[in-house]
Each structure stands twice: as C-alpha cells, then as structure tokens.
file entry13.pdb (PDB, N, CA and C atoms, pLDDT in the B column)
ATOM      1  N   MET A   1      -8.364  -1.248 -35.421  1.00 76.00           N
ATOM      2  CA  MET A   1      -9.008  -1.663 -34.198  1.00 76.00           C
ATOM      3  C   MET A   1      -9.957  -0.563 -33.736  1.00 76.00           C
ATOM      4  N   THR A   2     -11.093  -0.984 -33.275  1.00 86.00           N
ATOM      5  CA  THR A   2     -12.086  -0.017 -32.833  1.00 86.00           C
ATOM      6  C   THR A   2     -12.141   0.033 -31.309  1.00 86.00           C
ATOM      7  N   LEU A   3     -12.770   1.070 -30.797  1.00 91.00           N
ATOM      8  CA  LEU A   3     -12.921   1.215 -29.358  1.00 91.00           C
ATOM      9  C   LEU A   3     -13.660   0.013 -28.783  1.00 91.00           C
ATOM     10  N   GLY A   4     -13.206  -0.477 -27.656  1.00 93.00           N
ATOM     11  CA  GLY A   4     -13.854  -1.590 -26.982  1.00 93.00           C
ATOM     12  C   GLY A   4     -13.442  -2.963 -27.466  1.00 93.00           C
ATOM     13  N   SER A   5     -12.523  -3.055 -28.416  1.00 94.00           N
ATOM     14  CA  SER A   5     -12.070  -4.356 -28.917  1.00 94.00           C
ATOM     15  C   SER A   5     -11.231  -5.067 -27.861  1.00 94.00           C
ATOM     16  N   LEU A   6     -11.439  -6.373 -27.737  1.00 96.00           N
ATOM     17  CA  LEU A   6     -10.646  -7.185 -26.816  1.00 96.00           C
ATOM     18  C   LEU A   6      -9.371  -7.621 -27.527  1.00 96.00           C
ATOM     19  N   VAL A   7      -8.228  -7.399 -26.907  1.00 96.00           N
ATOM     20  CA  VAL A   7      -6.948  -7.705 -27.539  1.00 96.00           C
ATOM     21  C   VAL A   7      -6.053  -8.498 -26.595  1.00 96.00           C
ATOM     22  N   LYS A   8      -5.109  -9.238 -27.192  1.00 96.00           N
ATOM     23  CA  LYS A   8      -4.059  -9.923 -26.441  1.00 96.00           C
ATOM     24  C   LYS A   8      -2.760  -9.203 -26.750  1.00 96.00           C
ATOM     25  N   ILE A   9      -2.036  -8.818 -25.724  1.00 94.00           N
ATOM     26  CA  ILE A   9      -0.795  -8.072 -25.871  1.00 94.00           C
ATOM     27  C   ILE A   9       0.374  -9.019 -25.614  1.00 94.00           C
ATOM     28  N   LYS A  10       1.272  -9.095 -26.573  1.00 92.00           N
ATOM     29  CA  LYS A  10       2.450  -9.952 -26.449  1.00 92.00           C
ATOM     30  C   LYS A  10       3.600  -9.114 -25.910  1.00 92.00           C
ATOM     31  N   SER A  11       4.138  -9.502 -24.781  1.00 87.00           N
ATOM     32  CA  SER A  11       5.260  -8.772 -24.190  1.00 87.00           C
ATOM     33  C   SER A  11       6.143  -9.756 -23.438  1.00 87.00           C
ATOM     34  N   THR A  12       7.131  -9.242 -22.744  1.00 87.00           N
ATOM     35  CA  THR A  12       8.022 -10.078 -21.941  1.00 87.00           C
ATOM     36  C   THR A  12       8.151  -9.502 -20.541  1.00 87.00           C
ATOM     37  N   ASP A  13       8.499 -10.366 -19.599  1.00 86.00           N
ATOM     38  CA  ASP A  13       8.747  -9.883 -18.244  1.00 86.00           C
ATOM     39  C   ASP A  13      10.199  -9.421 -18.124  1.00 86.00           C
ATOM     40  N   ASN A  14      10.629  -9.104 -16.923  1.00 89.00           N
ATOM     41  CA  ASN A  14      11.985  -8.578 -16.715  1.00 89.00           C
ATOM     42  C   ASN A  14      13.085  -9.578 -17.063  1.00 89.00           C
ATOM     43  N   LEU A  15      12.762 -10.868 -17.044  1.00 92.00           N
ATOM     44  CA  LEU A  15      13.749 -11.901 -17.351  1.00 92.00           C
ATOM     45  C   LEU A  15      13.716 -12.334 -18.817  1.00 92.00           C
ATOM     46  N   GLY A  16      12.826 -11.736 -19.610  1.00 89.00           N
ATOM     47  CA  GLY A  16      12.728 -12.063 -21.021  1.00 89.00           C
ATOM     48  C   GLY A  16      11.774 -13.189 -21.339  1.00 89.00           C
ATOM     49  N   ASN A  17      11.048 -13.679 -20.336  1.00 93.00           N
ATOM     50  CA  ASN A  17      10.068 -14.737 -20.564  1.00 93.00           C
ATOM     51  C   ASN A  17       8.821 -14.160 -21.224  1.00 93.00           C
ATOM     52  N   PRO A  18       8.218 -14.904 -22.175  1.00 90.00           N
ATOM     53  CA  PRO A  18       7.007 -14.395 -22.834  1.00 90.00           C
ATOM     54  C   PRO A  18       5.873 -14.203 -21.831  1.00 90.00           C
ATOM     55  N   LEU A  19       5.122 -13.127 -22.026  1.00 90.00           N
ATOM     56  CA  LEU A  19       4.033 -12.776 -21.123  1.00 90.00           C
ATOM     57  C   LEU A  19       2.887 -12.229 -21.962  1.00 90.00           C
ATOM     58  N   ASP A  20       1.740 -12.883 -21.895  1.00 90.00           N
ATOM     59  CA  ASP A  20       0.567 -12.420 -22.631  1.00 90.00           C
ATOM     60  C   ASP A  20      -0.400 -11.749 -21.673  1.00 90.00           C
ATOM     61  N   LYS A  21      -0.925 -10.604 -22.078  1.00 94.00           N
ATOM     62  CA  LYS A  21      -1.885  -9.856 -21.276  1.00 94.00           C
ATOM     63  C   LYS A  21      -3.140  -9.645 -22.103  1.00 94.00           C
ATOM     64  N   LEU A  22      -4.281  -9.547 -21.445  1.00 96.00           N
ATOM     65  CA  LEU A  22      -5.527  -9.204 -22.110  1.00 96.00           C
ATOM     66  C   LEU A  22      -5.875  -7.765 -21.785  1.00 96.00           C
ATOM     67  N   GLY A  23      -6.519  -7.100 -22.740  1.00 96.00           N
ATOM     68  CA  GLY A  23      -6.906  -5.725 -22.514  1.00 96.00           C
ATOM     69  C   GLY A  23      -7.998  -5.278 -23.463  1.00 96.00           C
ATOM     70  N   VAL A  24      -8.447  -4.037 -23.269  1.00 96.00           N
ATOM     71  CA  VAL A  24      -9.496  -3.446 -24.090  1.00 96.00           C
ATOM     72  C   VAL A  24      -8.958  -2.150 -24.689  1.00 96.00           C
ATOM     73  N   VAL A  25      -9.174  -1.968 -25.991  1.00 95.00           N
ATOM     74  CA  VAL A  25      -8.740  -0.747 -26.679  1.00 95.00           C
ATOM     75  C   VAL A  25      -9.625   0.402 -26.221  1.00 95.00           C
ATOM     76  N   ILE A  26      -9.005   1.513 -25.781  1.00 95.00           N
ATOM     77  CA  ILE A  26      -9.791   2.635 -25.278  1.00 95.00           C
ATOM     78  C   ILE A  26      -9.642   3.907 -26.115  1.00 95.00           C
ATOM     79  N   THR A  27      -8.803   3.884 -27.163  1.00 89.00           N
ATOM     80  CA  THR A  27      -8.688   5.046 -28.055  1.00 89.00           C
ATOM     81  C   THR A  27      -8.622   4.576 -29.502  1.00 89.00           C
ATOM     82  N   ASP A  28      -8.947   5.493 -30.399  1.00 82.00           N
ATOM     83  CA  ASP A  28      -8.741   5.221 -31.817  1.00 82.00           C
ATOM     84  C   ASP A  28      -7.245   5.266 -32.097  1.00 82.00           C
ATOM     85  N   LYS A  29      -6.892   5.056 -33.353  1.00 76.00           N
ATOM     86  CA  LYS A  29      -5.482   5.102 -33.749  1.00 76.00           C
ATOM     87  C   LYS A  29      -4.866   6.454 -33.401  1.00 76.00           C
ATOM     88  N   ILE A  30      -3.666   6.426 -32.885  1.00 76.00           N
ATOM     89  CA  ILE A  30      -2.910   7.643 -32.597  1.00 76.00           C
ATOM     90  C   ILE A  30      -1.741   7.682 -33.568  1.00 76.00           C
ATOM     91  N   VAL A  31      -1.619   8.786 -34.301  1.00 74.00           N
ATOM     92  CA  VAL A  31      -0.512   8.928 -35.240  1.00 74.00           C
ATOM     93  C   VAL A  31       0.464   9.940 -34.656  1.00 74.00           C
ATOM     94  N   CYS A  32       1.665   9.472 -34.373  1.00 66.00           N
ATOM     95  CA  CYS A  32       2.710  10.337 -33.829  1.00 66.00           C
ATOM     96  C   CYS A  32       3.663  10.707 -34.959  1.00 66.00           C
ATOM     97  N   GLN A  33       3.824  11.983 -35.204  1.00 66.00           N
ATOM     98  CA  GLN A  33       4.678  12.414 -36.308  1.00 66.00           C
ATOM     99  C   GLN A  33       6.158  12.161 -36.028  1.00 66.00           C
ATOM    100  N   GLN A  34       6.545  12.049 -34.773  1.00 72.00           N
ATOM    101  CA  GLN A  34       7.947  11.799 -34.463  1.00 72.00           C
ATOM    102  C   GLN A  34       8.330  10.351 -34.733  1.00 72.00           C
ATOM    103  N   SER A  35       7.470   9.405 -34.346  1.00 67.00           N
ATOM    104  CA  SER A  35       7.819   8.000 -34.550  1.00 67.00           C
ATOM    105  C   SER A  35       7.293   7.461 -35.872  1.00 67.00           C
ATOM    106  N   LEU A  36       6.285   8.092 -36.453  1.00 75.00           N
ATOM    107  CA  LEU A  36       5.667   7.687 -37.720  1.00 75.00           C
ATOM    108  C   LEU A  36       4.982   6.328 -37.648  1.00 75.00           C
ATOM    109  N   PHE A  37       4.723   5.817 -36.457  1.00 81.00           N
ATOM    110  CA  PHE A  37       4.028   4.553 -36.292  1.00 81.00           C
ATOM    111  C   PHE A  37       2.686   4.789 -35.617  1.00 81.00           C
ATOM    112  N   LEU A  38       1.691   4.001 -36.001  1.00 86.00           N
ATOM    113  CA  LEU A  38       0.395   4.060 -35.355  1.00 86.00           C
ATOM    114  C   LEU A  38       0.484   3.392 -33.992  1.00 86.00           C
ATOM    115  N   SER A  39      -0.340   3.838 -33.071  1.00 89.00           N
ATOM    116  CA  SER A  39      -0.413   3.204 -31.762  1.00 89.00           C
ATOM    117  C   SER A  39      -1.829   3.355 -31.227  1.00 89.00           C
ATOM    118  N   VAL A  40      -2.155   2.570 -30.223  1.00 91.00           N
ATOM    119  CA  VAL A  40      -3.449   2.670 -29.546  1.00 91.00           C
ATOM    120  C   VAL A  40      -3.220   2.571 -28.048  1.00 91.00           C
ATOM    121  N   LYS A  41      -4.124   3.139 -27.284  1.00 94.00           N
ATOM    122  CA  LYS A  41      -4.063   3.015 -25.832  1.00 94.00           C
ATOM    123  C   LYS A  41      -4.963   1.859 -25.425  1.00 94.00           C
ATOM    124  N   VAL A  42      -4.420   1.011 -24.555  1.00 95.00           N
ATOM    125  CA  VAL A  42      -5.120  -0.198 -24.130  1.00 95.00           C
ATOM    126  C   VAL A  42      -5.137  -0.260 -22.608  1.00 95.00           C
ATOM    127  N   TYR A  43      -6.316  -0.575 -22.054  1.00 97.00           N
ATOM    128  CA  TYR A  43      -6.417  -0.839 -20.619  1.00 97.00           C
ATOM    129  C   TYR A  43      -6.138  -2.316 -20.420  1.00 97.00           C
ATOM    130  N   THR A  44      -5.085  -2.654 -19.662  1.00 95.00           N
ATOM    131  CA  THR A  44      -4.732  -4.056 -19.432  1.00 95.00           C
ATOM    132  C   THR A  44      -5.335  -4.530 -18.114  1.00 95.00           C
ATOM    133  N   PHE A  45      -5.935  -5.707 -18.153  1.00 95.00           N
ATOM    134  CA  PHE A  45      -6.589  -6.257 -16.968  1.00 95.00           C
ATOM    135  C   PHE A  45      -5.570  -6.694 -15.915  1.00 95.00           C
ATOM    136  N   ARG A  46      -4.449  -7.250 -16.344  1.00 91.00           N
ATOM    137  CA  ARG A  46      -3.445  -7.755 -15.401  1.00 91.00           C
ATOM    138  C   ARG A  46      -2.814  -6.614 -14.594  1.00 91.00           C
ATOM    139  N   ASP A  47      -2.413  -5.540 -15.277  1.00 90.00           N
ATOM    140  CA  ASP A  47      -1.751  -4.411 -14.610  1.00 90.00           C
ATOM    141  C   ASP A  47      -2.725  -3.372 -14.098  1.00 90.00           C
ATOM    142  N   GLN A  48      -3.947  -3.395 -14.611  1.00 95.00           N
ATOM    143  CA  GLN A  48      -4.985  -2.422 -14.281  1.00 95.00           C
ATOM    144  C   GLN A  48      -4.503  -0.993 -14.530  1.00 95.00           C
ATOM    145  N   ARG A  49      -3.934  -0.789 -15.734  1.00 95.00           N
ATOM    146  CA  ARG A  49      -3.494   0.545 -16.120  1.00 95.00           C
ATOM    147  C   ARG A  49      -3.600   0.714 -17.633  1.00 95.00           C
ATOM    148  N   ILE A  50      -3.474   1.936 -18.059  1.00 95.00           N
ATOM    149  CA  ILE A  50      -3.572   2.273 -19.479  1.00 95.00           C
ATOM    150  C   ILE A  50      -2.171   2.483 -20.030  1.00 95.00           C
ATOM    151  N   CYS A  51      -1.858   1.780 -21.122  1.00 93.00           N
ATOM    152  CA  CYS A  51      -0.552   1.892 -21.762  1.00 93.00           C
ATOM    153  C   CYS A  51      -0.735   2.053 -23.262  1.00 93.00           C
ATOM    154  N   THR A  52       0.284   2.579 -23.917  1.00 91.00           N
ATOM    155  CA  THR A  52       0.284   2.729 -25.365  1.00 91.00           C
ATOM    156  C   THR A  52       1.010   1.543 -25.984  1.00 91.00           C
ATOM    157  N   TYR A  53       0.370   0.923 -26.993  1.00 91.00           N
ATOM    158  CA  TYR A  53       0.951  -0.233 -27.666  1.00 91.00           C
ATOM    159  C   TYR A  53       0.935  -0.019 -29.171  1.00 91.00           C
ATOM    160  N   TYR A  54       1.890  -0.638 -29.849  1.00 89.00           N
ATOM    161  CA  TYR A  54       1.974  -0.590 -31.304  1.00 89.00           C
ATOM    162  C   TYR A  54       1.338  -1.852 -31.883  1.00 89.00           C
ATOM    163  N   PRO A  55       0.845  -1.775 -33.121  1.00 87.00           N
ATOM    164  CA  PRO A  55       0.117  -2.913 -33.706  1.00 87.00           C
ATOM    165  C   PRO A  55       0.884  -4.234 -33.752  1.00 87.00           C
ATOM    166  N   TYR A  56       2.210  -4.196 -33.847  1.00 90.00           N
ATOM    167  CA  TYR A  56       2.971  -5.451 -33.934  1.00 90.00           C
ATOM    168  C   TYR A  56       2.922  -6.259 -32.640  1.00 90.00           C
ATOM    169  N   SER A  57       2.531  -5.639 -31.524  1.00 92.00           N
ATOM    170  CA  SER A  57       2.483  -6.366 -30.257  1.00 92.00           C
ATOM    171  C   SER A  57       1.057  -6.705 -29.823  1.00 92.00           C
ATOM    172  N   ILE A  58       0.075  -6.433 -30.693  1.00 93.00           N
ATOM    173  CA  ILE A  58      -1.325  -6.644 -30.340  1.00 93.00           C
ATOM    174  C   ILE A  58      -1.967  -7.652 -31.281  1.00 93.00           C
ATOM    175  N   GLU A  59      -2.734  -8.567 -30.694  1.00 94.00           N
ATOM    176  CA  GLU A  59      -3.523  -9.521 -31.488  1.00 94.00           C
ATOM    177  C   GLU A  59      -4.988  -9.288 -31.160  1.00 94.00           C
ATOM    178  N   LEU A  60      -5.802  -9.084 -32.179  1.00 94.00           N
ATOM    179  CA  LEU A  60      -7.225  -8.829 -32.015  1.00 94.00           C
ATOM    180  C   LEU A  60      -7.948 -10.132 -31.697  1.00 94.00           C
ATOM    181  N   LEU A  61      -8.652 -10.173 -30.554  1.00 94.00           N
ATOM    182  CA  LEU A  61      -9.405 -11.369 -30.163  1.00 94.00           C
ATOM    183  C   LEU A  61     -10.886 -11.225 -30.493  1.00 94.00           C
ATOM    184  N   SER A  62     -11.441 -10.025 -30.265  1.00 93.00           N
ATOM    185  CA  SER A  62     -12.864  -9.790 -30.510  1.00 93.00           C
ATOM    186  C   SER A  62     -13.078  -8.328 -30.873  1.00 93.00           C
ATOM    187  N   GLN A  63     -13.683  -8.110 -32.018  1.00 90.00           N
ATOM    188  CA  GLN A  63     -13.973  -6.741 -32.479  1.00 90.00           C
ATOM    189  C   GLN A  63     -15.202  -6.211 -31.765  1.00 90.00           C
ATOM    190  N   ALA A  64     -15.169  -4.964 -31.350  1.00 78.00           N
ATOM    191  CA  ALA A  64     -16.322  -4.353 -30.669  1.00 78.00           C
ATOM    192  C   ALA A  64     -17.366  -3.934 -31.671  1.00 78.00           C
TER     193      ALA A  64
END

call {"tool": "encode", "arguments": {"input": "entry13.pdb", "output": "structure tokens"}}
result
Amino acid sequence: MTLGSLVKIKSTDNLGNPLDKLGVVITDKIVCQQSLFLSVKVYTFRDQRICTYYPYSIELLSQA
C-alpha cells in the first residue's frame, strides 16, 4: 500500500458487531522486529485519529 491510498478497515465494536471504517494510509510499511508483522498507520475518518493496522484487517479501495 502506498501513501494516500483509500482503505476500508474491518473491525468490531465493543459488543462484537462488525464495523467498517474508511481511512487513508499515511505511512509506508512499518516493520516491527518484535512482532515480525508489517503494519501501516491509517487516518480513519470516523474516529478522526491515526491508528496502526495490520494488512489482514485492511482492504484496499483505491491506490494513490
């Protein structure tokens, strides 16, 4: 995923109900040596904040 890509984030609310959020990727891939998984930082429109997400929870909607 490249900077500025529009993504859909699959998550759940506090009760376990599915919740989809839209956001924009704001960083390149981050490699953490402790977790060994790639992640990216995404600005979510619904929460209006920046969070770190792993690729399994992100669906690419539009490449920048």

call {"tool": "resolve_selection", "arguments": {"input": "entry13.pdb", "expression": "the PyMOL selection byres (((chain A and resi 24 and name CA) around 9) and name CA)", "output": "JSON, numbers by chain"}}
result
{"A": [3, 4, 5, 6, 7, 8, 22, 23, 25, 26, 41, 42, 43, 44, 45]}

call {"tool": "resolve_selection", "arguments": {"input": "entry13.pdb", "expression": "the PyMOL selection byres ((chain A and resi 53-56) around 8)", "output": "list in words"}}
result
Ile9, Lys10, Phe37, Leu38, Ser39, Val40, Lys41, Val42, Ile50, Cys51, Thr52, Ser57, Ile58 and Glu59 of chain A

call {"tool": "atom_distance", "arguments": {"input": "entry13.pdb", "atom1": "atom C of Ala64 of chain A", "atom2": "atom C of Lys21 of chain A"}}
result
18.1 Å

call {"tool": "atom_distance", "arguments": {"input": "entry13.pdb", "atom1": "atom CA of Gln63 of chain A", "atom2": "atom CA of Leu19 of chain A"}}
result
22.1 Å

call {"tool": "atom_distance", "arguments": {"input": "entry13.pdb", "atom1": "atom N of Leu61 of chain A", "atom2": "atom CA of Arg46 of chain A"}}
result
16.2 Å

call {"tool": "axis_aligned_box", "arguments": {"input": "entry13.pdb", "around": "segment 2-5 of chain A", "padding_each_side": "4 Å", "output": "lines of an AutoDock Vina configuration file"}}
result
center_x = -12.5
center_y = -1.9
center_z = -30.1
size_x = 10.8
size_y = 14.3
size_z = 14.3
